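Participant: Let me give you the structure first, and then I'll get to my questions.
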Amino acid sequence: MLWAGWVVLGLLGFEALPQALLRPLENRYPVPDPEAVGRHVGVIVLGGATQHPGSYQAHAQVPLGEAAERMSLPVGLMRQHPQLDLVFSGGEGRLVATGVSEAQLAKAFYEEQGMDLGRVTLEGGSRTTRENARLVADLLGARCQQPWLLVTSAWHMPRAVPEFEAVGCRVTPYPVDFRTGADTLWTEYSLARSLLLWQTALHEWLGWAVYGVTR
């Protein structure tokens with residue numbers, strides 16, 4: 001049993017396995033072309049890109065993680081398309097609250113980027129994807145039926161889009177933060193990184209199944 005455990009642990013380090021689980025999630029929705037972006041009224045950005053706020057409280061710099069594109073890409077879209085508004089949705093989903101929501105970190109980040117905060121609306125009460133959709137729909141009201149871009153990680157998009165559609169929002173997926181390419185060589189081996197990919201893949205497939213059953 002001990003040797004079997006070591007073998008299984010060793011096999012988990014091959015990145016091709018968890019990436020094979022992530023790839024169909026990430027390839028579900030294409031990235032909109034630039035012309036399509038201009039036909040929208042705004043961008044809905046889901047939280048999940050910031051790290052523990054303790055470093056922000058200590059050093060006054062917004063800590064971004066692997067999903068940094070959730071935050072950075074909308075900045076470029078806003079500069080290229082002056083008609084776009086931005087709605088950021090993200091509260092604090094930690095078991096032990098720190099008192100700093102993702103919305104507060106997002107506000108600090110957009111200020112650092114020199115964005116016009118008059119075009120930015122923050123929603124800081126949501127803790128889950130389902131709450132993201134419900135609270136954004138409540139915040140926007142009838143405007144949610146206008147065309148909006150939905151920005152979140154590509155692997156998270158298959159779970160997020162149905163939630164926004166279920167509350168009556170008209171969204172076009174704009175996936176970012178891709179973790180996979182067209183294929184993965186079996187020579188790609190890293191136990192630490194692979195375990196993180198396994199965690200993301202299993203969490204997302206399980207979440208997708210549970211949300212589908214309970215919607």
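Chains: A, B, ... in order of the structure tokens. Residues: from 1 per chain. Ligands: from 1, in order shown.
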Residues of stretch 7-93 of chain A that have any atom at most 8 Å from an atom of stretch 187-191 of chain A: could you tabulate them with the shortest-distance atom pair and the distance in Å to one decimal, using only C-alpha atoms, ordered by chain and increasing number, as CSV?
Facilitator:
residue,atom,partner,partner_atom,distance
A:Gly10,CA,A:Leu191,CA,7.5
A:Leu12,CA,A:Leu191,CA,6.6
A:Gly13,CA,A:Leu191,CA,3.9
A:Phe14,CA,A:Tyr189,CA,4.7
A:Glu15,CA,A:Tyr189,CA,5.8
A:Ala16,CA,A:Glu188,CA,7.2
Participant: Can you list every residue in stretch 18-199 of chain A that DSSP puts in strand (DSSP E or B), as a PyMOL selection string?
Facilitator: chain A and resi 42-46+50+64+85-89+120-123+147-153+170-176+189
Participant: With a distance cut-off of 12 Å and only C-alpha atoms, select the neighbouring residues of A:Glu35, excluding the residue or stretch itself and same-chain residues fewer than 4 positions from it, and output the selection as a VMD selection string.
Facilitator: chain A and resid 31 39 to 40 77 80 to 81
Participant: Name all residues at most 10 Å from A:Cys169 (count only C-alpha atoms; drop same-chain ones fewer than 5 positions away) and give them as a list in words.
Facilitator: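 So, after excluding close chain neighbours, the residues are Ala133, Arg134, Val136, Ala137, Leu140, Gly141, Ala142, Arg143, Cys144, Gln145, Gln146, Pro147, Trp148, Val161, Pro162, Glu163 and Phe164 of chain A.
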Participant: Next, dump the selected residues to file, keeping only C-alpha atoms, as an mmCIF file, in the first residue's frame.
Facilitator:
data_model
loop_
_atom_site.group_PDB
_atom_site.id
_atom_site.type_symbol
_atom_site.label_atom_id
_atom_site.label_comp_id
_atom_site.auth_asym_id
_atom_site.auth_seq_id
_atom_site.Cartn_x
_atom_site.Cartn_y
_atom_site.Cartn_z
ATOM 1 C CA ALA A 133 -24.893 36.499 -10.909
ATOM 2 C CA ARG A 134 -27.762 37.221 -8.552
ATOM 3 C CA VAL A 136 -25.093 41.782 -10.326
ATOM 4 C CA ALA A 137 -28.581 41.240 -11.760
ATOM 5 C CA LEU A 140 -28.107 46.387 -12.879
ATOM 6 C CA GLY A 141 -31.852 45.791 -12.998
ATOM 7 C CA ALA A 142 -33.191 46.154 -16.542
ATOM 8 C CA ARG A 143 -29.701 47.071 -17.808
ATOM 9 C CA CYS A 144 -28.689 43.435 -17.315
ATOM 10 C CA GLN A 145 -30.749 42.595 -20.416
ATOM 11 C CA GLN A 146 -28.420 44.732 -22.530
ATOM 12 C CA PRO A 147 -25.344 43.043 -24.066
ATOM 13 C CA TRP A 148 -22.515 42.689 -21.539
ATOM 14 C CA VAL A 161 -22.439 31.755 -18.060
ATOM 15 C CA PRO A 162 -25.502 29.612 -17.175
ATOM 16 C CA GLU A 163 -25.772 31.355 -13.802
ATOM 17 C CA PHE A 164 -25.982 34.800 -15.411
#
Participant: Got a sec: who's within 12 Å of A:Gly207, counting only C-alpha atoms, leaving out chain neighbours fewer than 2 positions off, as a PDB file with N, CA and C atoms, in the first residue's frame?
Facilitator:
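Generated file (out-v3.pdb):
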ATOM      1  N   THR A 128     -19.887  33.485  -3.943  1.00  0.00           N
ATOM      2  CA  THR A 128     -19.879  32.366  -4.870  1.00  0.00           C
ATOM      3  C   THR A 128     -20.249  32.862  -6.262  1.00  0.00           C
ATOM      4  N   THR A 129     -20.082  32.003  -7.261  1.00  0.00           N
ATOM      5  CA  THR A 129     -20.451  32.365  -8.627  1.00  0.00           C
ATOM      6  C   THR A 129     -21.945  32.641  -8.727  1.00  0.00           C
ATOM      7  N   ARG A 130     -22.738  31.831  -8.050  1.00  0.00           N
ATOM      8  CA  ARG A 130     -24.193  32.022  -8.075  1.00  0.00           C
ATOM      9  C   ARG A 130     -24.569  33.375  -7.470  1.00  0.00           C
ATOM     10  N   TRP A 155     -11.582  28.365 -17.632  1.00  0.00           N
ATOM     11  CA  TRP A 155     -12.059  27.121 -17.031  1.00  0.00           C
ATOM     12  C   TRP A 155     -13.285  27.339 -16.132  1.00  0.00           C
ATOM     13  N   HIS A 156     -13.513  28.566 -15.724  1.00  0.00           N
ATOM     14  CA  HIS A 156     -14.644  28.912 -14.868  1.00  0.00           C
ATOM     15  C   HIS A 156     -15.871  29.317 -15.677  1.00  0.00           C
ATOM     16  N   MET A 157     -15.676  29.653 -16.954  1.00  0.00           N
ATOM     17  CA  MET A 157     -16.749  30.200 -17.771  1.00  0.00           C
ATOM     18  C   MET A 157     -17.939  29.258 -17.952  1.00  0.00           C
ATOM     19  N   PRO A 158     -17.748  27.937 -18.162  1.00  0.00           N
ATOM     20  CA  PRO A 158     -18.912  27.056 -18.337  1.00  0.00           C
ATOM     21  C   PRO A 158     -19.842  27.030 -17.127  1.00  0.00           C
ATOM     22  N   ARG A 159     -19.337  27.346 -15.958  1.00  0.00           N
ATOM     23  CA  ARG A 159     -20.193  27.404 -14.775  1.00  0.00           C
ATOM     24  C   ARG A 159     -20.806  28.787 -14.595  1.00  0.00           C
ATOM     25  N   ALA A 160     -20.065  29.833 -15.019  1.00  0.00           N
ATOM     26  CA  ALA A 160     -20.534  31.199 -14.793  1.00  0.00           C
ATOM     27  C   ALA A 160     -21.630  31.618 -15.763  1.00  0.00           C
ATOM     28  N   GLU A 163     -25.260  30.669 -14.985  1.00  0.00           N
ATOM     29  CA  GLU A 163     -25.772  31.355 -13.802  1.00  0.00           C
ATOM     30  C   GLU A 163     -26.276  32.752 -14.154  1.00  0.00           C
ATOM     31  N   GLN A 199      -6.417  20.370  -8.525  1.00  0.00           N
ATOM     32  CA  GLN A 199      -7.376  21.023  -7.635  1.00  0.00           C
ATOM     33  C   GLN A 199      -8.358  21.884  -8.422  1.00  0.00           C
ATOM     34  N   THR A 200      -7.839  22.668  -9.377  1.00  0.00           N
ATOM     35  CA  THR A 200      -8.698  23.529 -10.188  1.00  0.00           C
ATOM     36  C   THR A 200      -9.670  22.703 -11.032  1.00  0.00           C
ATOM     37  N   ALA A 201      -9.149  21.662 -11.688  1.00  0.00           N
ATOM     38  CA  ALA A 201      -9.977  20.853 -12.577  1.00  0.00           C
ATOM     39  C   ALA A 201     -11.077  20.130 -11.815  1.00  0.00           C
ATOM     40  N   LEU A 202     -10.739  19.470 -10.722  1.00  0.00           N
ATOM     41  CA  LEU A 202     -11.731  18.712  -9.970  1.00  0.00           C
ATOM     42  C   LEU A 202     -12.757  19.633  -9.321  1.00  0.00           C
ATOM     43  N   HIS A 203     -12.292  20.770  -8.793  1.00  0.00           N
ATOM     44  CA  HIS A 203     -13.204  21.740  -8.191  1.00  0.00           C
ATOM     45  C   HIS A 203     -14.203  22.253  -9.214  1.00  0.00           C
ATOM     46  N   GLU A 204     -13.723  22.541 -10.415  1.00  0.00           N
ATOM     47  CA  GLU A 204     -14.600  23.142 -11.419  1.00  0.00           C
ATOM     48  C   GLU A 204     -15.580  22.133 -11.999  1.00  0.00           C
ATOM     49  N   TRP A 205     -15.130  20.920 -12.276  1.00  0.00           N
ATOM     50  CA  TRP A 205     -16.054  19.909 -12.785  1.00  0.00           C
ATOM     51  C   TRP A 205     -17.109  19.567 -11.747  1.00  0.00           C
ATOM     52  N   ALA A 209     -21.179  20.369 -12.070  1.00  0.00           N
ATOM     53  CA  ALA A 209     -22.212  19.340 -11.904  1.00  0.00           C
ATOM     54  C   ALA A 209     -23.219  19.726 -10.827  1.00  0.00           C
ATOM     55  N   VAL A 210     -22.737  20.220  -9.701  1.00  0.00           N
ATOM     56  CA  VAL A 210     -23.636  20.604  -8.606  1.00  0.00           C
ATOM     57  C   VAL A 210     -24.527  21.775  -9.018  1.00  0.00           C
ATOM     58  N   TYR A 211     -23.951  22.776  -9.678  1.00  0.00           N
ATOM     59  CA  TYR A 211     -24.745  23.924 -10.118  1.00  0.00           C
ATOM     60  C   TYR A 211     -25.804  23.493 -11.119  1.00  0.00           C
ATOM     61  N   GLY A 212     -25.439  22.544 -12.006  1.00  0.00           N
ATOM     62  CA  GLY A 212     -26.410  22.074 -12.994  1.00  0.00           C
ATOM     63  C   GLY A 212     -27.581  21.369 -12.349  1.00  0.00           C
ATOM     64  N   VAL A 213     -27.337  20.609 -11.295  1.00  0.00           N
ATOM     65  CA  VAL A 213     -28.402  19.877 -10.622  1.00  0.00           C
ATOM     66  C   VAL A 213     -29.293  20.812  -9.798  1.00  0.00           C
ATOM     67  N   THR A 214     -28.696  21.837  -9.216  1.00  0.00           N
ATOM     68  CA  THR A 214     -29.441  22.704  -8.287  1.00  0.00           C
ATOM     69  C   THR A 214     -29.988  23.961  -8.933  1.00  0.00           C
ATOM     70  N   ARG A 215     -29.733  24.186 -10.220  1.00  0.00           N
ATOM     71  CA  ARG A 215     -30.192  25.406 -10.858  1.00  0.00           C
ATOM     72  C   ARG A 215     -31.713  25.379 -11.033  1.00  0.00           C
TER      73      ARG A 215
END
Participant: Report the distance between atom CA of A:Leu95 and atom CA of A:Leu64 in Å, rounded to one decimal place.
Facilitator: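 Atom CA of A:Leu64 lies at a distance of 20.0 Å from atom CA of A:Leu95.
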Participant: To one decimal place, how far is atom CA of A:Val176 from atom CA of A:Asn132 in Å?
Facilitator: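 Straight-line distance from atom CA of A:Val176 to atom CA of A:Asn132 works out to 17.5 Å.
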Participant: Can you work out which one of A:Thr184, A:Gln61, A:Ser153, A:Thr121 has the shortest atom-to-atom distance to A:Gly47, counting only C-alpha atoms?
Facilitator: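 Under the stated criterion, the closest residue is A:Ser153.
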Participant: Would you compute the distance between atom CA of A:Ala182 and atom CA of A:Trp208? Give it in Å to one decimal.
Facilitator: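 If I compute the distance from atom CA of A:Ala182 to atom CA of A:Trp208, I get 22.6 Å.
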Participant: Please extract the residues of stretch 60-98 of chain A with a backbone DSSP assignment of alpha helix (DSSP H) and present them as a PyMOL selection string.
Facilitator: chain A and resi 69-80
Participant: Excluding same-chain residues fewer than 3 positions from stretch 84-94 of chain A, what lies within 8 Å of it counting only C-alpha atoms, as a PyMOL selection string?
Facilitator: chain A and resi 40-48+74+77-78+81+97+100-103+106+119-128+132+136
